[in-house]
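Asker: Following this message is one structure expressed as structure tokens.
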Amino acid sequence: SRRRQARKNGYASTSDVTAPNESTTRERVMIFLADGRFHLEAAMISNPSLRALRYDPYSKTLTEERYEIVKMKKLRRDAILSVRKILGIGPPSRRMDIVSGTVNPTTESSDDIANSVLQQQQSSPVPSSGSQSPSDSSPPITMGIILGTLGRQGNPAILSRIRSLLHSRGIRSIIVLLSEIFPKKLEMMSSATPGSGGGVSAWVQIACPRLSIDWGHYFCVSVLSPFELYVALGEVIDSSLWSADEEKKDGTKPEDMHEDGYPMDFYTKTGGPWTNYYDSNKDRKVMSYGT
């Protein structure tokens, strides 16, 4: 059958974070040859309108697989909306608008930001009891950027882009290098009350997008993928996330509601600035993000 290639190193591929979207083809069924479904899930996330059949060569069984795409999108939408609220960005319309603002870039040094976050491990935040306005009493919001060090998951060029994007919005950030990302690790550096300042109020991880998709809701604060951060800041329009409010009551199937799927393009050559092969990202070099 015809298949539009998701190119990784020049050939068609499907992995846990990369899968082609078949919305432009006439096929309604995809057959996956594997003894597990982790990589198949990427194809189902990218193509919710296709039936998925998996043939296991070891047990010699053919099964139909399903994925709760509506539930997943609602969880990720809630995480994105949480970050927007923390950053003081209003709720999106059905069509995401580019967020514009007049904030000034943060001028704090990296050491100052890191010290303020690490101090949260030694003292708990004390609720304010006065009548001061939030701008007078609340510490600035900090976003954590995780660069994965396992294999080649983390891309320093994507790190530079994200840090530059946050810097341009006046959002201070701290960079953490981790080989594995566990809830307990992030809880040590996260704010007890997200959005109140002090510790890290939200994270973006440059490691594996599936960590956010599959397990992001188990963390104490929102942990976004690079793509989701771009959506949260209004840099990317992805109306499918905002239409995943509730399943329709008229019998419409979830897969018919979201034919465009959720982008699984971390290693494609046609993805956006959050992907590994976009423009200069493929060189994996750290770039200056300004003064």
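We name chains A, B, ... following the order of the structure tokens; residues begin at 1 in each chain, and ligands are numbered from 1 as shown.
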Need the shell around A:Pro57: protein/DNA/RNA residues with any atom at most 8 Å away, counting only C-alpha atoms. Skip same-chain ones fewer than 4 positions apart. Format as a ChimeraX atom specification?
Answerer: /A:33-35,61
Asker: Could you write out the selected residues, including N, CA and C atoms, as a CSV table (one decimal), in the first residue's frame?
Answerer:
chain,number,residue,atom,x,y,z
A,33,LEU,N,3.6,-5.5,12.4
A,33,LEU,CA,4.3,-6.8,12.8
A,33,LEU,C,5.2,-6.5,13.9
A,34,ALA,N,4.8,-7.1,15.1
A,34,ALA,CA,5.6,-6.8,16.3
A,34,ALA,C,5.1,-7.7,17.4
A,35,ASP,N,6.0,-8.0,18.4
A,35,ASP,CA,5.6,-8.8,19.6
A,35,ASP,C,5.1,-7.9,20.8
A,61,THR,N,-0.5,-14.8,16.4
A,61,THR,CA,-1.8,-14.3,16.6
A,61,THR,C,-2.0,-12.9,16.0
Asker: Pick out the residues sitting within 9 Å of A:Leu159, and hand them over as a PyMOL selection string; count only C-alpha atoms, and ignore anything fewer than 5 positions along from it in its own chain.
Answerer: chain A and resi 145-147+154+164+175+206+286-287
Asker: Using atom CA of A:Glu41 and atom CA of A:Tyr230 as the two end points, give the distance in Å to one decimal.
Answerer: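 Separation of atom CA of A:Glu41 and atom CA of A:Tyr230: 23.0 Å.
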Asker: Can you pull out every residue within 12 Å of A:Ser280, counting only C-alpha atoms, but drop anything in the same chain fewer than 3 positions away, and send it as a ChimeraX atom specification?
Answerer: /A:155-158,160-161,269,272-277,283-287
Asker: Could you give me, as a list in words, the residues within 6 Å of stretch 70-85 of chain A, counting only C-alpha atoms and dropping anything in the same chain fewer than 2 positions from it?
Answerer: Glu68, Leu87, Gly88, Ile89, Ser222, Ala232, Leu241 and Ala244 of chain A
Asker: Mind writing the picked residues with N, CA, C and O atoms as an mmCIF file, in the first residue's frame?
Answerer:
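Listing of result-v1.cif after writing:
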data_model
loop_
_atom_site.group_PDB
_atom_site.id
_atom_site.type_symbol
_atom_site.label_atom_id
_atom_site.label_comp_id
_atom_site.auth_asym_id
_atom_site.auth_seq_id
_atom_site.Cartn_x
_atom_site.Cartn_y
_atom_site.Cartn_z
ATOM 1 N N GLU A 68 -6.772 4.999 23.616
ATOM 2 C CA GLU A 68 -7.727 6.005 24.085
ATOM 3 C C GLU A 68 -7.227 7.412 23.737
ATOM 4 O O GLU A 68 -6.736 8.159 24.591
ATOM 5 N N LEU A 87 1.635 30.805 33.790
ATOM 6 C CA LEU A 87 2.375 31.877 33.133
ATOM 7 C C LEU A 87 1.524 33.114 32.884
ATOM 8 O O LEU A 87 2.004 34.099 32.320
ATOM 9 N N GLY A 88 0.250 33.047 33.288
ATOM 10 C CA GLY A 88 -0.621 34.206 33.124
ATOM 11 C C GLY A 88 -1.124 34.404 31.716
ATOM 12 O O GLY A 88 -1.482 35.526 31.322
ATOM 13 N N ILE A 89 -1.179 33.318 30.934
ATOM 14 C CA ILE A 89 -1.690 33.376 29.567
ATOM 15 C C ILE A 89 -3.149 32.941 29.588
ATOM 16 O O ILE A 89 -3.496 31.912 30.165
ATOM 17 N N SER A 222 3.137 20.005 35.939
ATOM 18 C CA SER A 222 3.074 19.656 34.515
ATOM 19 C C SER A 222 4.466 19.429 33.949
ATOM 20 O O SER A 222 5.393 20.196 34.223
ATOM 21 N N ALA A 232 1.595 25.643 24.236
ATOM 22 C CA ALA A 232 1.225 26.409 25.429
ATOM 23 C C ALA A 232 1.518 27.895 25.257
ATOM 24 O O ALA A 232 0.756 28.749 25.719
ATOM 25 N N LEU A 241 -6.215 19.545 19.944
ATOM 26 C CA LEU A 241 -6.133 19.430 21.396
ATOM 27 C C LEU A 241 -7.288 20.145 22.075
ATOM 28 O O LEU A 241 -7.803 19.709 23.094
ATOM 29 N N ALA A 244 -10.893 18.379 22.021
ATOM 30 C CA ALA A 244 -11.007 17.096 22.720
ATOM 31 C C ALA A 244 -11.693 17.256 24.062
ATOM 32 O O ALA A 244 -11.369 16.586 25.020
#
Asker: With only C-alpha atoms as the atoms that count, which of A:Leu211, A:Met44, A:Ile237, A:Val221 lies nearest to A:Glu180?
Answerer: A:Leu211
Asker: Please identify all polymer residues within 9 Å of A:Phe219, counting only C-alpha atoms, omitting same-chain residues fewer than 4 positions from it, and present them as a list in words.
Answerer: Phe182, Pro183, Lys184, Leu186, Glu187, Trp215 and Val223 of chain A
Asker: Using only all heavy atoms, please write the residues we just selected to a file, as a short mmCIF file (atom, residue, chain, number, x, y, z; two decimals), in the first residue's frame.
Answerer:
data_model
loop_
_atom_site.label_atom_id
_atom_site.label_comp_id
_atom_site.auth_asym_id
_atom_site.auth_seq_id
_atom_site.Cartn_x
_atom_site.Cartn_y
_atom_site.Cartn_z
N PHE A 182 12.18 10.78 36.94
CA PHE A 182 11.23 10.16 37.86
C PHE A 182 10.46 11.25 38.62
O PHE A 182 11.00 12.33 38.88
CB PHE A 182 11.96 9.27 38.87
CG PHE A 182 12.59 8.06 38.26
CD1 PHE A 182 13.97 7.89 38.31
CD2 PHE A 182 11.82 7.09 37.65
CE1 PHE A 182 14.56 6.77 37.76
CE2 PHE A 182 12.41 5.95 37.10
CZ PHE A 182 13.78 5.79 37.15
N PRO A 183 9.21 10.97 39.00
CA PRO A 183 8.43 11.96 39.76
C PRO A 183 9.12 12.44 41.03
O PRO A 183 9.08 13.64 41.34
CB PRO A 183 7.13 11.19 40.08
CG PRO A 183 6.98 10.22 38.94
CD PRO A 183 8.39 9.80 38.63
N LYS A 184 9.76 11.53 41.76
CA LYS A 184 10.40 11.92 43.02
C LYS A 184 11.55 12.91 42.79
O LYS A 184 11.79 13.80 43.60
CB LYS A 184 10.90 10.69 43.76
CG LYS A 184 9.81 9.88 44.44
CD LYS A 184 9.16 10.66 45.57
CE LYS A 184 8.13 9.83 46.31
NZ LYS A 184 7.46 10.61 47.39
N LEU A 186 11.85 15.14 40.35
CA LEU A 186 11.34 16.47 40.03
C LEU A 186 10.62 17.10 41.21
O LEU A 186 10.63 18.32 41.37
CB LEU A 186 10.39 16.39 38.83
CG LEU A 186 11.01 15.86 37.52
CD1 LEU A 186 10.08 16.17 36.34
CD2 LEU A 186 12.39 16.44 37.27
N GLU A 187 10.01 16.27 42.05
CA GLU A 187 9.31 16.80 43.21
C GLU A 187 10.26 17.54 44.14
O GLU A 187 9.87 18.52 44.80
CB GLU A 187 8.62 15.65 43.96
CG GLU A 187 7.73 16.10 45.11
CD GLU A 187 7.02 14.95 45.78
OE1 GLU A 187 7.11 13.81 45.27
OE2 GLU A 187 6.38 15.18 46.82
N TRP A 215 3.11 9.33 30.81
CA TRP A 215 3.26 9.40 32.27
C TRP A 215 3.24 10.82 32.83
O TRP A 215 3.42 11.01 34.03
CB TRP A 215 4.58 8.72 32.68
CG TRP A 215 4.63 7.29 32.27
CD1 TRP A 215 3.87 6.26 32.75
CD2 TRP A 215 5.49 6.71 31.28
NE1 TRP A 215 4.20 5.08 32.12
CE2 TRP A 215 5.19 5.33 31.20
CE3 TRP A 215 6.48 7.22 30.44
CZ2 TRP A 215 5.84 4.46 30.34
CZ3 TRP A 215 7.13 6.36 29.56
CH2 TRP A 215 6.81 5.00 29.52
N VAL A 223 4.59 18.37 33.16
CA VAL A 223 5.84 18.06 32.45
C VAL A 223 5.48 17.98 30.97
O VAL A 223 4.90 17.00 30.51
CB VAL A 223 6.47 16.75 32.94
CG1 VAL A 223 7.75 16.45 32.15
CG2 VAL A 223 6.77 16.81 34.42
#
Asker: Run DSSP on the backbone and tell me which residues of stretch 150-219 of chain A come out as strand (DSSP E); list them as JSON, numbers by chain.
Answerer: {"A": [172, 173, 174, 175, 176, 177, 178, 200, 201, 202, 203, 204, 205, 206]}
Asker: Expressed in Å to a single decimal, how great is the separation between atom CA of A:Gly36 and atom CA of A:Ala52?
Answerer: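 About the pair atom CA of A:Gly36 and atom CA of A:Ala52: they are 12.9 Å apart.
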Asker: Quick one, how far is atom CA of A:Leu166 from atom CA of A:Arg210?
Answerer: 22.4 Å
